[in-house]
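Containing compact mmCIF, C-alpha atoms and all ligand atoms: query-v4.txt.
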```
# COMPACT_ATOMS: atom_id res chain seq x y z
CA MET A 1 -208.89 -139.17 27.54
CA ARG A 2 -210.40 -135.76 27.91
CA ILE A 3 -211.76 -136.69 31.38
CA VAL A 4 -208.36 -137.92 32.53
CA ILE A 5 -206.71 -134.67 31.56
CA LEU A 6 -209.35 -132.68 33.41
CA ALA A 7 -208.93 -134.78 36.55
CA PHE A 8 -205.17 -134.30 36.38
CA ALA A 9 -205.62 -130.57 36.04
CA LEU A 10 -207.89 -130.52 39.06
CA VAL A 11 -205.31 -132.35 41.19
CA LEU A 12 -202.64 -129.91 40.09
CA SER A 13 -204.73 -126.89 40.92
CA ALA A 14 -205.66 -128.40 44.28
CA CYS A 15 -201.97 -128.79 45.08
CA ALA A 16 -201.20 -125.26 44.02
CA SER A 17 -204.00 -123.62 45.95
CA ALA A 18 -203.82 -125.68 49.15
CA PRO A 19 -200.30 -126.02 50.47
CA ARG A 20 -200.02 -127.05 54.14
CA SER A 21 -200.16 -123.45 55.18
CA ASP A 22 -201.65 -120.68 53.12
CA PRO A 23 -201.22 -116.92 53.60
CA ALA A 24 -204.41 -116.87 55.68
CA ASP A 25 -202.66 -118.90 58.39
CA LEU A 26 -199.82 -116.40 58.52
CA ASP A 27 -202.39 -113.60 58.72
CA ALA A 28 -203.88 -115.20 61.84
CA VAL A 29 -200.45 -115.60 63.45
CA ALA A 30 -199.61 -112.00 62.49
CA ARG A 31 -202.76 -110.64 64.17
CA ASP A 32 -201.98 -112.48 67.41
CA TYR A 33 -198.34 -111.42 67.09
CA VAL A 34 -199.31 -107.72 67.04
CA ARG A 35 -201.48 -108.16 70.13
CA LEU A 36 -198.63 -110.04 71.86
CA GLN A 37 -196.08 -107.30 71.10
CA LEU A 38 -198.41 -104.54 72.31
CA GLU A 39 -199.03 -106.43 75.55
CA ILE A 40 -195.29 -106.96 76.11
CA GLY A 41 -194.97 -103.21 75.60
CA THR A 42 -197.07 -102.60 78.71
CA HIS A 43 -194.37 -104.35 80.74
CA GLU A 44 -191.40 -102.33 79.45
CA ASP A 45 -191.17 -98.63 78.59
CA GLY A 46 -189.66 -98.10 75.16
CA TYR A 47 -190.18 -101.70 73.99
CA ILE A 48 -192.62 -100.54 71.32
CA ASP A 49 -190.63 -98.17 69.14
CA ALA A 50 -193.56 -97.46 66.81
CA TYR A 51 -197.13 -98.62 66.27
CA PHE A 52 -199.37 -97.32 63.53
CA GLY A 53 -202.04 -100.00 63.25
CA ASP A 54 -205.67 -99.85 64.34
CA PRO A 55 -205.81 -97.77 67.58
CA ALA A 56 -208.59 -100.06 68.88
CA ILE A 57 -206.20 -103.04 68.88
CA LYS A 58 -203.67 -101.07 70.93
CA ALA A 59 -206.32 -99.84 73.33
CA ALA A 60 -207.62 -103.39 73.85
CA ALA A 61 -204.11 -104.78 74.43
CA GLU A 62 -203.29 -102.06 76.92
CA ALA A 63 -206.61 -102.32 78.74
CA ALA A 64 -206.06 -105.96 79.71
CA PRO A 65 -202.45 -107.06 79.20
CA ARG A 66 -201.61 -110.62 80.20
CA ALA A 67 -198.91 -111.29 82.82
CA LEU A 68 -195.41 -112.24 81.62
CA PRO A 69 -195.81 -116.05 82.02
CA ALA A 70 -198.98 -116.01 79.90
CA LEU A 71 -197.25 -113.88 77.27
CA ALA A 72 -194.34 -116.36 77.20
CA GLU A 73 -196.85 -119.17 76.59
CA GLU A 74 -198.47 -117.18 73.81
CA ALA A 75 -195.10 -116.59 72.11
CA ASP A 76 -194.39 -120.34 72.34
CA ARG A 77 -197.82 -121.13 70.88
CA LEU A 78 -197.28 -118.84 67.90
CA LEU A 79 -193.80 -120.27 67.36
CA SER A 80 -195.21 -123.81 67.31
CA LEU A 81 -197.79 -122.75 64.69
CA LEU A 82 -195.02 -121.32 62.52
CA ALA A 83 -192.93 -124.49 62.99
CA VAL A 84 -195.48 -126.51 61.00
CA ALA A 85 -196.31 -123.80 58.48
CA THR A 86 -194.99 -124.48 55.02
CA VAL A 87 -195.39 -121.80 52.44
CA SER A 88 -195.50 -121.87 48.70
CA GLU A 89 -193.45 -118.92 47.51
CA PRO A 90 -190.20 -117.17 48.49
CA MET A 91 -191.78 -113.91 49.69
CA LEU A 92 -194.16 -115.80 52.01
CA GLU A 93 -191.19 -117.81 53.26
CA ARG A 94 -189.51 -114.55 54.17
CA ARG A 95 -192.68 -113.38 55.87
CA ARG A 96 -192.82 -116.57 57.95
CA ASP A 97 -189.10 -116.37 58.84
CA PHE A 98 -189.50 -112.71 59.81
CA LEU A 99 -192.39 -113.55 62.14
CA ARG A 100 -190.46 -116.44 63.64
CA ALA A 101 -187.28 -114.40 64.29
CA HIS A 102 -189.31 -111.63 65.93
CA LEU A 103 -191.18 -114.12 68.11
CA VAL A 104 -187.87 -115.68 69.23
CA ALA A 105 -186.69 -112.19 70.20
CA ALA A 106 -189.98 -111.39 71.98
CA ARG A 107 -189.84 -114.67 73.89
CA PHE A 108 -186.29 -113.90 75.07
CA ARG A 109 -187.17 -110.31 75.96
CA ILE A 110 -190.07 -111.50 78.13
CA ASP A 111 -187.57 -113.42 80.27
CA MET A 112 -185.29 -110.37 80.38
CA ILE A 113 -188.16 -108.16 81.55
CA GLY A 114 -188.65 -110.77 84.28
CA GLY A 115 -185.03 -110.22 85.33
CA ALA A 116 -183.14 -112.96 83.43
CA ARG A 117 -179.66 -112.07 82.12
CA ALA A 118 -177.52 -113.98 79.64
CA PRO A 119 -174.00 -113.33 78.33
CA PHE A 120 -173.76 -110.44 75.85
CA ALA A 121 -173.28 -112.65 72.78
CA THR A 122 -176.17 -114.99 73.71
CA GLU A 123 -178.46 -112.02 74.25
CA ALA A 124 -177.45 -110.42 70.92
CA GLN A 125 -178.13 -113.66 69.02
CA ALA A 126 -181.55 -114.14 70.64
CA LEU A 127 -182.74 -110.55 70.26
CA PHE A 128 -181.18 -109.52 66.96
CA GLY A 129 -180.25 -112.78 65.25
CA VAL A 130 -176.55 -111.97 65.14
CA THR A 131 -173.66 -113.36 67.17
CA PRO A 132 -171.17 -110.49 67.39
CA GLU A 133 -167.53 -111.23 66.70
CA LEU A 134 -165.70 -108.46 68.50
CA LYS A 135 -162.04 -107.53 68.32
CA PRO A 136 -159.94 -107.17 71.49
CA LEU A 137 -159.21 -103.55 72.49
CA SER A 138 -155.55 -104.00 71.54
CA ALA A 139 -156.68 -104.21 67.90
CA TYR A 140 -157.51 -100.49 68.15
CA ASP A 141 -154.12 -99.36 69.43
CA PRO A 142 -152.73 -98.78 65.89
CA VAL A 143 -155.74 -96.52 65.18
CA LEU A 144 -154.93 -94.48 68.30
CA ALA A 145 -151.35 -94.13 67.05
CA ARG A 146 -152.64 -92.77 63.72
CA ILE A 147 -154.86 -90.26 65.51
CA GLU A 148 -151.89 -89.20 67.72
CA ALA A 149 -150.18 -88.06 64.55
CA LEU A 150 -153.25 -86.06 63.43
CA VAL A 151 -153.65 -84.24 66.77
CA PRO A 152 -150.13 -83.81 68.14
CA GLY A 153 -149.42 -82.20 71.52
CA ASP A 154 -149.16 -82.88 75.23
CA GLY A 155 -151.68 -84.39 77.62
CA PRO A 156 -154.07 -87.31 77.12
CA LEU A 157 -155.11 -87.94 73.50
CA ALA A 158 -158.82 -87.87 74.48
CA ASP A 159 -158.42 -84.29 75.78
CA ARG A 160 -156.64 -83.16 72.62
CA VAL A 161 -159.21 -84.75 70.33
CA GLN A 162 -162.07 -83.29 72.37
CA ALA A 163 -160.46 -79.81 72.22
CA PHE A 164 -159.96 -80.18 68.46
CA ARG A 165 -163.56 -81.26 67.91
CA ASP A 166 -164.92 -78.50 70.17
CA ARG A 167 -163.78 -76.04 67.50
CA TYR A 168 -166.32 -77.72 65.16
CA ALA A 169 -169.33 -77.50 67.47
CA ILE A 170 -172.43 -75.91 65.91
CA PRO A 171 -173.41 -72.79 67.95
CA SER A 172 -176.80 -73.47 69.52
CA ASP A 173 -178.48 -70.49 67.83
CA ARG A 174 -177.49 -71.91 64.43
CA LEU A 175 -178.31 -75.54 65.14
CA GLU A 176 -181.81 -75.55 63.70
CA ALA A 177 -180.75 -73.93 60.41
CA VAL A 178 -177.83 -76.35 60.01
CA MET A 179 -179.95 -79.41 60.80
CA GLN A 180 -182.75 -78.34 58.45
CA ALA A 181 -180.25 -77.79 55.62
CA ALA A 182 -178.56 -81.14 56.29
CA ILE A 183 -181.81 -83.11 56.37
CA ALA A 184 -183.10 -81.33 53.27
CA GLU A 185 -180.03 -82.45 51.32
CA CYS A 186 -180.25 -86.03 52.66
CA ARG A 187 -183.89 -86.02 51.54
CA ARG A 188 -183.18 -84.52 48.10
CA ARG A 189 -180.52 -87.12 47.37
CA THR A 190 -182.60 -90.03 48.66
CA LEU A 191 -185.65 -89.02 46.61
CA GLN A 192 -183.55 -89.23 43.45
CA HIS A 193 -183.43 -92.99 44.02
CA ILE A 194 -186.33 -93.99 46.28
CA ALA A 195 -189.94 -92.96 45.70
CA LEU A 196 -191.82 -91.88 48.82
CA PRO A 197 -195.53 -91.01 49.15
CA ALA A 198 -196.42 -87.37 48.45
CA GLU A 199 -197.70 -86.77 52.01
CA GLU A 200 -194.34 -87.81 53.49
CA ALA A 201 -193.00 -85.31 56.06
CA PHE A 202 -191.13 -84.95 59.35
CA THR A 203 -191.06 -82.59 62.31
CA LEU A 204 -187.72 -81.63 63.87
CA GLU A 205 -187.47 -81.06 67.61
CA PHE A 206 -184.63 -80.33 70.04
CA VAL A 207 -184.66 -82.10 73.43
CA ALA A 208 -182.39 -82.71 76.43
CA ASN A 209 -181.60 -85.29 79.13
CA GLN A 210 -181.35 -88.37 76.87
CA SER A 211 -178.70 -91.09 76.55
CA TRP A 212 -179.03 -91.01 72.73
CA SER A 213 -177.95 -88.23 70.35
CA GLY A 214 -180.95 -88.48 68.01
CA TYR A 215 -184.21 -90.44 67.77
CA ASN A 216 -186.81 -90.93 65.09
CA TRP A 217 -190.34 -91.50 66.32
CA TYR A 218 -192.41 -92.82 63.43
CA GLN A 219 -196.05 -91.71 63.68
CA GLY A 220 -197.56 -93.58 60.73
CA SER A 221 -198.83 -92.25 57.38
CA ALA A 222 -195.26 -91.33 56.37
CA HIS A 223 -194.82 -88.86 59.24
CA SER A 224 -191.99 -88.82 61.76
CA LEU A 225 -190.88 -86.80 64.74
CA ILE A 226 -187.09 -86.45 64.64
CA GLN A 227 -185.56 -85.43 67.96
CA ILE A 228 -182.01 -84.18 68.42
CA ASN A 229 -180.48 -84.26 71.89
CA THR A 230 -178.72 -81.03 72.89
CA ASP A 231 -177.14 -82.18 76.19
CA PHE A 232 -173.78 -81.63 74.50
CA PRO A 233 -172.82 -79.32 71.63
CA VAL A 234 -173.53 -81.01 68.28
CA PHE A 235 -170.41 -81.30 66.12
CA ILE A 236 -170.75 -80.22 62.48
CA ASP A 237 -170.26 -83.74 61.05
CA ARG A 238 -173.19 -84.98 63.10
CA ALA A 239 -175.60 -82.90 61.00
CA LEU A 240 -175.38 -85.16 57.94
CA ASP A 241 -174.95 -88.27 60.12
CA LEU A 242 -178.19 -87.56 61.95
CA GLY A 243 -180.03 -86.29 58.87
CA CYS A 244 -179.33 -89.51 56.99
CA HIS A 245 -179.61 -91.88 59.96
CA GLU A 246 -182.85 -90.56 61.45
CA GLY A 247 -184.40 -89.31 58.22
CA TYR A 248 -183.28 -90.13 54.69
CA PRO A 249 -182.60 -92.92 53.82
CA GLY A 250 -182.64 -93.92 57.50
CA HIS A 251 -185.42 -94.58 59.99
CA HIS A 252 -188.11 -92.25 58.61
CA THR A 253 -187.66 -93.65 55.09
CA HIS A 254 -187.46 -97.25 56.35
CA ASN A 255 -190.67 -97.04 58.39
CA THR A 256 -192.50 -95.28 55.58
CA LEU A 257 -191.56 -97.99 53.07
CA LEU A 258 -192.50 -100.77 55.51
CA GLU A 259 -195.90 -99.20 56.05
CA TYR A 260 -196.64 -98.47 52.41
CA SER A 261 -195.26 -101.63 50.80
CA LEU A 262 -195.93 -104.28 53.45
CA VAL A 263 -198.91 -103.03 55.49
CA ARG A 264 -200.88 -101.06 52.88
CA GLY A 265 -199.47 -102.96 49.89
CA ARG A 266 -199.74 -106.55 51.12
CA GLY A 267 -201.87 -106.32 54.24
CA TRP A 268 -199.13 -107.78 56.44
CA VAL A 269 -200.19 -106.38 59.81
CA GLU A 270 -197.10 -107.57 61.71
CA ASN A 271 -195.37 -104.54 60.21
CA THR A 272 -197.68 -102.13 62.03
CA VAL A 273 -195.61 -102.69 65.18
CA PHE A 274 -191.89 -102.05 65.57
CA PRO A 275 -190.49 -103.83 68.65
CA LEU A 276 -187.19 -102.21 69.58
CA PHE A 277 -185.36 -105.31 70.81
CA SER A 278 -185.72 -107.42 67.68
CA PRO A 279 -183.90 -108.21 64.41
CA ILE A 280 -185.54 -105.35 62.55
CA SER A 281 -183.52 -102.96 64.71
CA PHE A 282 -180.33 -104.53 63.34
CA ILE A 283 -181.55 -103.69 59.83
CA ALA A 284 -182.76 -100.23 60.91
CA GLU A 285 -179.58 -99.09 62.67
CA GLY A 286 -177.39 -100.78 60.06
CA GLU A 287 -179.10 -99.13 57.11
CA GLY A 288 -179.31 -95.82 59.00
CA ASN A 289 -175.52 -95.80 59.30
CA ALA A 290 -174.64 -97.39 55.94
CA GLY A 291 -177.03 -94.94 54.28
CA ILE A 292 -174.74 -92.03 55.20
CA ASP A 293 -171.91 -93.14 52.90
CA LEU A 294 -174.39 -94.26 50.24
CA THR A 295 -175.95 -90.77 50.20
CA PHE A 296 -172.69 -88.84 50.59
CA PRO A 297 -169.59 -90.50 49.11
CA ALA A 298 -166.58 -88.97 50.96
CA ALA A 299 -165.62 -86.30 48.39
CA GLU A 300 -169.23 -85.13 47.89
CA ARG A 301 -169.74 -84.99 51.62
CA LEU A 302 -166.71 -82.78 52.15
CA GLU A 303 -167.80 -80.51 49.30
CA PHE A 304 -171.34 -80.09 50.66
CA GLU A 305 -170.23 -79.57 54.24
CA ALA A 306 -167.62 -76.96 53.29
CA ARG A 307 -169.90 -75.12 50.84
CA VAL A 308 -173.19 -75.16 52.78
CA LEU A 309 -173.01 -76.40 56.37
CA PHE A 310 -169.78 -74.78 57.59
CA PRO A 311 -170.91 -71.25 56.55
CA LEU A 312 -174.38 -71.84 58.06
CA ALA A 313 -172.69 -72.85 61.33
CA GLY A 314 -170.32 -69.87 61.18
CA LEU A 315 -167.31 -72.20 60.81
CA ASP A 316 -164.34 -71.70 58.49
CA PRO A 317 -164.81 -73.91 55.39
CA ALA A 318 -161.02 -74.03 54.90
CA SER A 319 -160.80 -76.09 58.10
CA ALA A 320 -163.21 -78.78 56.80
CA PRO A 321 -160.61 -81.19 55.29
CA ALA A 322 -158.65 -81.46 58.57
CA TYR A 323 -161.80 -82.35 60.44
CA ALA A 324 -162.86 -84.87 57.78
CA GLU A 325 -159.48 -86.59 58.13
CA LEU A 326 -159.87 -86.93 61.90
CA ARG A 327 -163.44 -88.12 61.50
CA ALA A 328 -162.39 -90.87 59.07
CA ALA A 329 -159.71 -92.08 61.48
CA MET A 330 -162.11 -91.99 64.44
CA LYS A 331 -164.54 -94.17 62.53
CA ASP A 332 -162.03 -97.02 62.76
CA LEU A 333 -162.52 -96.89 66.54
CA GLN A 334 -166.24 -97.65 66.21
CA GLY A 335 -165.86 -101.33 67.10
CA ALA A 336 -164.15 -100.52 70.42
CA ARG A 337 -167.46 -99.24 71.74
CA MET A 338 -168.97 -102.71 71.35
CA THR A 339 -165.97 -104.45 72.90
CA ILE A 340 -166.03 -102.20 75.96
CA GLY A 341 -169.82 -102.56 76.21
CA ARG A 342 -169.59 -106.34 76.11
CA MET A 343 -166.78 -106.39 78.71
CA TRP A 344 -168.75 -104.09 81.03
CA LEU A 345 -172.04 -105.99 80.74
CA ASP A 346 -170.30 -109.37 81.09
CA GLY A 347 -168.66 -108.22 84.33
CA GLU A 348 -165.11 -108.12 83.00
CA ILE A 349 -164.40 -104.52 84.07
CA ALA A 350 -163.87 -103.95 87.78
CA SER A 351 -165.68 -100.63 88.21
CA ARG A 352 -167.77 -98.06 86.38
CA ASP A 353 -164.82 -95.66 86.65
CA ALA A 354 -162.59 -98.18 84.90
CA ALA A 355 -165.19 -98.56 82.14
CA LEU A 356 -165.30 -94.76 81.70
CA ASP A 357 -161.48 -94.72 81.50
CA LEU A 358 -161.60 -97.29 78.68
CA ILE A 359 -164.29 -95.36 76.79
CA GLN A 360 -162.24 -92.17 77.05
CA ARG A 361 -159.12 -94.00 75.92
CA TYR A 362 -160.70 -95.77 72.93
CA GLN A 363 -163.50 -93.37 71.94
CA LEU A 364 -161.49 -90.20 72.63
CA VAL A 365 -164.29 -88.28 74.32
CA SER A 366 -164.69 -86.15 77.46
CA ARG A 367 -165.63 -87.80 80.75
CA ALA A 368 -169.17 -86.44 80.44
CA ARG A 369 -169.64 -87.84 76.93
CA ALA A 370 -168.15 -91.17 78.06
CA ASP A 371 -170.74 -91.25 80.83
CA GLN A 372 -173.55 -90.63 78.34
CA SER A 373 -172.23 -93.45 76.15
CA LEU A 374 -172.01 -95.86 79.10
CA ARG A 375 -175.54 -94.97 80.23
CA PHE A 376 -176.75 -95.83 76.73
CA THR A 377 -174.99 -99.21 76.92
CA GLU A 378 -176.40 -99.93 80.37
CA HIS A 379 -179.91 -99.17 79.16
CA TYR A 380 -179.89 -100.76 75.70
CA ARG A 381 -177.26 -103.47 76.37
CA SER A 382 -176.49 -105.71 73.34
CA TYR A 383 -178.55 -103.32 71.15
CA ILE A 384 -175.23 -101.49 70.60
CA ILE A 385 -174.13 -104.14 68.07
CA ASN A 386 -176.83 -102.90 65.69
CA TYR A 387 -174.85 -99.75 64.87
CA GLY A 388 -171.35 -101.05 64.19
CA ILE A 389 -172.04 -104.58 62.96
CA GLY A 390 -175.32 -103.57 61.36
CA GLU A 391 -173.53 -100.93 59.31
CA GLU A 392 -170.82 -103.42 58.28
CA TRP A 393 -173.35 -105.99 57.11
CA VAL A 394 -175.60 -103.57 55.28
CA ALA A 395 -172.61 -101.85 53.62
CA ALA A 396 -171.30 -105.24 52.45
CA HIS A 397 -174.76 -106.13 51.14
CA LEU A 398 -174.95 -102.86 49.17
CA ALA A 399 -171.40 -103.30 47.87
CA ALA A 400 -172.34 -106.77 46.59
CA ALA A 401 -174.85 -105.06 44.26
CA GLY A 402 -171.85 -103.69 42.28
CA ASP A 403 -170.05 -100.40 41.78
CA ASP A 404 -172.95 -98.64 40.07
CA PRO A 405 -174.59 -96.29 42.62
CA ALA A 406 -178.02 -96.92 41.03
CA ALA A 407 -177.67 -100.67 41.71
CA ARG A 408 -176.73 -99.97 45.33
CA TRP A 409 -179.72 -97.69 45.81
CA ASP A 410 -181.94 -100.42 44.30
CA ALA A 411 -180.54 -102.90 46.81
CA MET A 412 -181.21 -100.37 49.58
CA ALA A 413 -184.81 -99.80 48.45
CA ARG A 414 -185.51 -103.55 48.49
CA LEU A 415 -183.88 -103.92 51.88
CA LEU A 416 -186.19 -101.23 53.27
CA SER A 417 -189.43 -102.40 51.71
CA GLU A 418 -189.22 -106.18 52.20
CA PRO A 419 -189.32 -108.29 55.39
CA THR A 420 -185.53 -108.35 55.79
CA LEU A 421 -183.59 -110.27 58.45
CA PRO A 422 -179.87 -110.01 59.24
CA SER A 423 -179.38 -113.47 57.68
CA ASP A 424 -180.80 -112.14 54.38
CA LEU A 425 -177.86 -109.72 54.20
CA ARG A 426 -175.43 -112.60 54.01
CA ARG A 427 -177.12 -114.48 51.19
ZN ZN B 1 -181.06 -95.20 64.96
```
Mind turning the file's structure into structure tokens?
Ligand SMILES: [Zn+2]
Amino acid sequence: MRIVILAFALVLSACASAPRSDPADLDAVARDYVRLQLEIGTHEDGYIDAYFGDPAIKAAAEAAPRALPALAEEADRLLSLLAVATVSEPMLERRRDFLRAHLVAARFRIDMIGGARAPFATEAQALFGVTPELKPLSAYDPVLARIEALVPGDGPLADRVQAFRDRYAIPSDRLEAVMQAAIAECRRRTLQHIALPAEEAFTLEFVANQSWSGYNWYQGSAHSLIQINTDFPVFIDRALDLGCHEGYPGHHTHNTLLEYSLVRGRGWVENTVFPLFSPISFIAEGEGNAGIDLTFPAAERLEFEARVLFPLAGLDPASAPAYAELRAAMKDLQGARMTIGRMWLDGEIASRDAALDLIQRYQLVSRARADQSLRFTEHYRSYIINYGIGEEWVAAHLAAAGDDPAARWDAMARLLSEPTLPSDLRR
């Protein structure tokens, strides 16, 4: 009897310790995945958003990168390995699914680097794992009517809104002080809910000639370079937007948590590389935007801006509520950017001039700012869904945690420190 029980126990433990794929298999796929991503990066500038793994691996990948067809084969090989990998616990399942989704994106991007183009929605699904459902432009006409009432007068609405907003531009000699104060407050509030390593820090830099308004370059070891583009005057509301989005709890916080919880904590090397055109960018841009409202609920935001940022910028704090009202209304136009981008990239707008007209009409910006926005769309293409739809999905995910702010911050912390895919937000 005793022998039978022992034998049974042995069988059980054999089953538990030897599923069809153990973590070691995923480790091998992950190592080859990192090499693959770094080699793809040699074929497209900007494809690798961040890498903070072993420098020798990067040097080796860049010294002898394979040609695109060989990289496509390698992506297919890794996908076929994952297709037969079964894993024994939910977190490993998420690790496998994360690797698979990022390989699907890499495989698609390899074809794009080779010149292939697909419809906007197909591209978005392949790269980011989300099929965008976009409203027609006519859905935004009622929002324009609301804004008309906020900024009455003659001439095109875009001109009036631009003139109104110009009064809220941060003078360039005060920009650094305003940005530092904004980021410091984003950081202070985030640290009340999310623990970051003691060595965590960022450097702030001002640059020009970019199609983006801000960028966070993660350097590893909890350090980031945050760049702010000064091609156009920075409006006062952008200070908290950029501080949260690029810094806390946005990209800098996200990358730091990925490195410390997944790479250092679990040894999951796939997280040492951040490929820009992949599902993690949907999470990154979505949480970067949704993190603004999480960190600054509307009333607290207005209070902080009027009390601290307006005086620092030399603006009249009494004028803050009027600007906040316009800003809230303008936010409802956010989706129009994606609709126009899709129409332009899918060849549904006759000329670049016509596309700029639509951006001015539905984003209410100057011609020059419309041009910057269109250049961004032309360069990053379906990536633009990550801001609007990403924010919607992350905000809904946080709201599902309940009304208690602490529960929402908990949900945010998990989102940032686990291998999260867009589909996880809908569970
Ligand atoms: Zn971003």
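Near ligand ZN 1 (chain B), at a distance of at most 8 Å and with only C-alpha atoms and all ligand atoms counted, sit the residues Gly214, Tyr215, Asn216, His245, Glu246, Gly250, His251, Ala284, Glu285, Gly288, Asn289 and Tyr387 of chain A.
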List every residue of range 216-313 of chain A that has an atom at most 9 Å from any atom of range 400-422 of chain A, giving for each one its closest atom pair and the distance in Å to one decimal, counting only C-alpha atoms, sorted by chain and then by ascending residue number, as JSON lines.
```
{"residue": "A:Pro249", "atom": "CA", "partner": "A:Met412", "partner_atom": "CA", "distance": 8.7}
{"residue": "A:Thr253", "atom": "CA", "partner": "A:Leu416", "partner_atom": "CA", "distance": 7.9}
{"residue": "A:His254", "atom": "CA", "partner": "A:Leu416", "partner_atom": "CA", "distance": 5.2}
{"residue": "A:Asn255", "atom": "CA", "partner": "A:Leu416", "partner_atom": "CA", "distance": 8.0}
{"residue": "A:Thr256", "atom": "CA", "partner": "A:Ser417", "partner_atom": "CA", "distance": 8.7}
{"residue": "A:Leu257", "atom": "CA", "partner": "A:Ser417", "partner_atom": "CA", "distance": 5.1}
{"residue": "A:Leu258", "atom": "CA", "partner": "A:Ser417", "partner_atom": "CA", "distance": 5.1}
{"residue": "A:Glu259", "atom": "CA", "partner": "A:Ser417", "partner_atom": "CA", "distance": 8.4}
{"residue": "A:Tyr260", "atom": "CA", "partner": "A:Ser417", "partner_atom": "CA", "distance": 8.2}
{"residue": "A:Ser261", "atom": "CA", "partner": "A:Ser417", "partner_atom": "CA", "distance": 6.0}
{"residue": "A:Leu262", "atom": "CA", "partner": "A:Ser417", "partner_atom": "CA", "distance": 7.0}
{"residue": "A:Asn271", "atom": "CA", "partner": "A:Pro419", "partner_atom": "CA", "distance": 8.6}
{"residue": "A:Pro279", "atom": "CA", "partner": "A:Leu421", "partner_atom": "CA", "distance": 6.3}
{"residue": "A:Ile280", "atom": "CA", "partner": "A:Leu421", "partner_atom": "CA", "distance": 6.7}
{"residue": "A:Phe282", "atom": "CA", "partner": "A:Pro422", "partner_atom": "CA", "distance": 6.9}
{"residue": "A:Ile283", "atom": "CA", "partner": "A:Pro422", "partner_atom": "CA", "distance": 6.6}
{"residue": "A:Ala284", "atom": "CA", "partner": "A:Leu416", "partner_atom": "CA", "distance": 8.4}
{"residue": "A:Glu287", "atom": "CA", "partner": "A:Met412", "partner_atom": "CA", "distance": 7.9}
{"residue": "A:Gly291", "atom": "CA", "partner": "A:Met412", "partner_atom": "CA", "distance": 8.3}
{"residue": "A:Leu294", "atom": "CA", "partner": "A:Trp409", "partner_atom": "CA", "distance": 7.7}
```
Worksheet item: In terms of the shortest atom-to-atom distance over only C-alpha atoms, which of A:Ala355, A:Ala208, A:Ala329, A:Leu374 is closest to Ala149 in chain A?
Response: A:Ala329
Worksheet item: Which polymer residues have any atom within 8 Å of an atom of Gly388 in chain A, counting all atoms listed in the file, with same-chain residues fewer than 3 positions away left out, as a list in words?
Response: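 With the cut-off at 8 Å, the set is Gly286, Gln334, Gly335, Met338, Ile384, Ile385, Glu391 and Glu392 of chain A.
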Worksheet item: Got a sec to check which residues sit within 12 Å of (-162.7, -76.0, 55.2), counting only C-alpha atoms, and write them as number ranges by chain?
Response: A: 168, 236, 301-311, 314-325
Worksheet entry | All residues 8 Å or closer to range 220-222 of chain A, all atoms listed in the file, same chain fewer than 6 positions away omitted, as a PyMOL selection string | chain A and resi 51-52+197+199-201+252+255-256+259
Worksheet, complete the sentence: A straight line from CA of Trp393 in chain A to CA of Ala336 in chain A spans 17.1 Å
Worksheet item: What separation in Å, quoted to one decimal, exists between CA of Leu144 in chain A and CA of Arg238 in chain A?
Response: 21.2 Å
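Among the candidates A:Thr272, A:Arg327, A:Glu62, A:Leu175, the residue lying nearest to Asn229 in chain A is A:Leu175 (atoms considered: all atoms listed in the file).
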Fill in: Among the residues A:Pro152, A:Pro142, A:Pro171, A:Gly247, the one that comes closest to Leu312 in chain A [using all atoms listed in the file]
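Closest to Leu312 in chain A, using all atoms listed in the file: A:Pro171.
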Fill in: Nearest residue to Arg342 in chain A from the set A:Leu38, A:Leu68, A:Leu364, A:Ala124 (distances using all atoms listed in the file)
A:Ala124
Missing atoms of range 207-214 of chain A rebuilt to N, CA and C atoms, written as a CSV table (one decimal), in the frame of the given file:
```
chain,number,residue,atom,x,y,z
A,207,VAL,N,-184.3,-81.6,72.1
A,207,VAL,CA,-184.7,-82.1,73.4
A,207,VAL,C,-183.4,-82.2,74.3
A,208,ALA,N,-183.5,-82.6,75.5
A,208,ALA,CA,-182.4,-82.7,76.4
A,208,ALA,C,-182.6,-83.9,77.4
A,209,ASN,N,-181.6,-84.2,78.1
A,209,ASN,CA,-181.6,-85.3,79.1
A,209,ASN,C,-181.9,-86.7,78.5
A,210,GLN,N,-181.2,-87.1,77.5
A,210,GLN,CA,-181.4,-88.4,76.9
A,210,GLN,C,-180.0,-89.0,76.8
A,211,SER,N,-180.0,-90.4,76.7
A,211,SER,CA,-178.7,-91.1,76.6
A,211,SER,C,-178.3,-91.2,75.1
A,212,TRP,N,-179.3,-90.9,74.2
A,212,TRP,CA,-179.0,-91.0,72.7
A,212,TRP,C,-178.8,-89.6,72.2
A,213,SER,N,-178.2,-89.5,70.9
A,213,SER,CA,-178.0,-88.2,70.4
A,213,SER,C,-179.1,-87.8,69.4
A,214,GLY,N,-179.8,-88.8,68.9
A,214,GLY,CA,-181.0,-88.5,68.0
A,214,GLY,C,-181.9,-89.6,68.1
```
